[in-house]
Amino acid sequence: MPLVRITVPRGMSEVQRGALGRSVHQALVDVANVPAEDRFQVIEELPPENLSFSSSYLGLAHEGPMVFVQVTLNAGRSVEVKKALYARIAEGVHAACGARREDVIVSLLEVARENWSFGGGSMSYPPASG
Amino acid sequence: MPLVRITVPRGMSEVQRGALGRSVHQALVDVANVPAEDRFQVIEELPPENLSFSSSYLGLAHEGPMVFVQVTLNAGRSVEVKKALYARIAEGVHAACGARREDVIVSLLEVARENWSFGGGSMSYPPASG
Amino acid sequence: MPLVRITVPRGMSEVQRGALGRSVHQALVDVANVPAEDRFQVIEELPPENLSFSSSYLGLAHEGPMVFVQVTLNAGRSVEVKKALYARIAEGVHAACGARREDVIVSLLEVARENWSFGGGSMSYPPASG
């Protein structure tokens, strides 16, 4: 159910991009109760000058290149789960492609369970009464 | 009011991409009460290896290439409307570009009506009291 | 905290793209209480034929090229703030790159404060009780 969009500066190798995608998925599986076979990801490569960032925010220094991870997922994860997820994603992205942990930005978009079709034109998680 | 993002693997013809966009819009018009003249879409083409997917999830086999359709729209469509929308989008995308219905993923992002400006710097759907 | 995605037709100069990004950020700072050092943006350039739009909607004529600005931000801005934000973004984008104000589309995605990590694997705005 998550749809994951990972935005990276152009220039990463295909091996790095593959490792990056796997690491984010593994974080979701390990921490946020996402099934292993529920992997849907888009990796978007942009020119570095098209990824803007502040050099410092909230006491964290950013050097770039940034890696943006935007995860659309069902609402309901607890604050504790989200905290653990951020930590695991930053760690995994760092290990996968060498980006500094400080340069990994995560954004969650929470949606209702009925807001997904994972193929076949059917609603993937219909309400119990539906 | 919807803003539709369609993500496809590189290699579709311009004719296919055009048909794809029209089919998704028509589904929204026919099923989800979207005005015909309310069409705003982005078609994003990515290298096939940048579109990750599980080979099977929820009993559906995915072969790829995947087509991801993410629709930002006003909250409030019923479960029944959403179900009909998924079916129509999968059917239309299949007809437009030959993608398997099983490989069409739809994600809805619901927002408040006040969250749009469709040009001119004005709020498109201000609250009645506003 | 906002994560801003600006989608433009291919062909803008790097100078224009830079001005565009700065103008949207400045609108957020001036109108929506975003800290100056809280700038995170993605500028996406697509072939013009991949940006679809209606020639007229809600009494506004669209000529293109369109500029789509999708802002993920914390929930809670008032209707009045959003109205002012739309006006400032349209004005700024026009000044930055020459796009017609009518051709600037803004979409807001509101999220919970706990839905962000701006680096270091930590939750950027943990709840007071967290």
# chains A, B, ... in the order shown; residues from 1 in each chain; ligands from 1

call {"tool": "interface_residues", "arguments": {"of": "chain B", "to": "chain C", "cutoff": "10 Å", "atoms": "only C-alpha atoms", "output": "MDAnalysis selection string"}}
result
chainID B and resid 1:6 14 17:18 21:22 35:45 72:73 109:127 130

call {"tool": "select_by_dssp", "arguments": {"residues": "segment 61-93 of chain A", "states": "strand (DSSP E or B)", "output": "PyMOL selection string"}}
result
chain A and resi 61+67-74

call {"tool": "residues_around", "arguments": {"residues": "Ala19 of chain C", "least_positions_apart": "5", "cutoff": "10 Å", "atoms": "only C-alpha atoms", "output": "PyMOL selection string"}}
result
chain C and resi 13-14+24-25+92-93+95-97

call {"tool": "write_last_selection", "arguments": {"atoms": "N, CA, C and O atoms", "output": "PDB file, in the first residue's frame"}}
result
ATOM      1  N   SER C  13      15.131  28.523 -18.576  1.00  0.00           N
ATOM      2  CA  SER C  13      16.558  28.609 -18.268  1.00  0.00           C
ATOM      3  C   SER C  13      16.788  28.297 -16.793  1.00  0.00           C
ATOM      4  O   SER C  13      15.867  28.364 -15.971  1.00  0.00           O
ATOM      5  N   GLU C  14      18.036  27.975 -16.462  1.00  0.00           N
ATOM      6  CA  GLU C  14      18.352  27.729 -15.044  1.00  0.00           C
ATOM      7  C   GLU C  14      18.101  28.995 -14.219  1.00  0.00           C
ATOM      8  O   GLU C  14      17.665  28.907 -13.069  1.00  0.00           O
ATOM      9  N   VAL C  24       8.434  31.162  -5.057  1.00  0.00           N
ATOM     10  CA  VAL C  24       7.449  30.346  -4.330  1.00  0.00           C
ATOM     11  C   VAL C  24       7.832  30.269  -2.850  1.00  0.00           C
ATOM     12  O   VAL C  24       6.982  30.380  -1.960  1.00  0.00           O
ATOM     13  N   HIS C  25       9.122  30.093  -2.598  1.00  0.00           N
ATOM     14  CA  HIS C  25       9.539  30.046  -1.192  1.00  0.00           C
ATOM     15  C   HIS C  25       9.235  31.366  -0.486  1.00  0.00           C
ATOM     16  O   HIS C  25       8.739  31.374   0.648  1.00  0.00           O
ATOM     17  N   GLY C  92       4.379  35.949  -7.977  1.00  0.00           N
ATOM     18  CA  GLY C  92       5.816  35.665  -7.969  1.00  0.00           C
ATOM     19  C   GLY C  92       6.253  34.812  -9.144  1.00  0.00           C
ATOM     20  O   GLY C  92       7.304  35.050  -9.744  1.00  0.00           O
ATOM     21  N   VAL C  93       5.465  33.820  -9.476  1.00  0.00           N
ATOM     22  CA  VAL C  93       5.807  32.952 -10.603  1.00  0.00           C
ATOM     23  C   VAL C  93       5.788  33.763 -11.898  1.00  0.00           C
ATOM     24  O   VAL C  93       6.673  33.637 -12.755  1.00  0.00           O
ATOM     25  N   ALA C  95       6.347  36.955 -12.215  1.00  0.00           N
ATOM     26  CA  ALA C  95       7.531  37.826 -12.250  1.00  0.00           C
ATOM     27  C   ALA C  95       8.805  37.031 -12.516  1.00  0.00           C
ATOM     28  O   ALA C  95       9.723  37.506 -13.189  1.00  0.00           O
ATOM     29  N   ALA C  96       8.835  35.802 -12.024  1.00  0.00           N
ATOM     30  CA  ALA C  96      10.077  35.010 -12.126  1.00  0.00           C
ATOM     31  C   ALA C  96      10.307  34.451 -13.520  1.00  0.00           C
ATOM     32  O   ALA C  96      11.453  34.403 -13.995  1.00  0.00           O
ATOM     33  N   CYS C  97       9.255  34.050 -14.183  1.00  0.00           N
ATOM     34  CA  CYS C  97       9.477  33.334 -15.444  1.00  0.00           C
ATOM     35  C   CYS C  97       8.561  33.767 -16.575  1.00  0.00           C
ATOM     36  O   CYS C  97       8.628  33.211 -17.680  1.00  0.00           O
TER      37      CYS C  97
END

call {"tool": "select_by_dssp", "arguments": {"residues": "segment 35-101 of chain B", "states": "alpha helix (DSSP H)", "output": "ChimeraX atom specification"}}
result
/B:79-97

call {"tool": "atom_distance", "arguments": {"atom1": "atom CA of Gly64 of chain C", "atom2": "atom CA of Gly98 of chain C"}}
result
11.0 Å
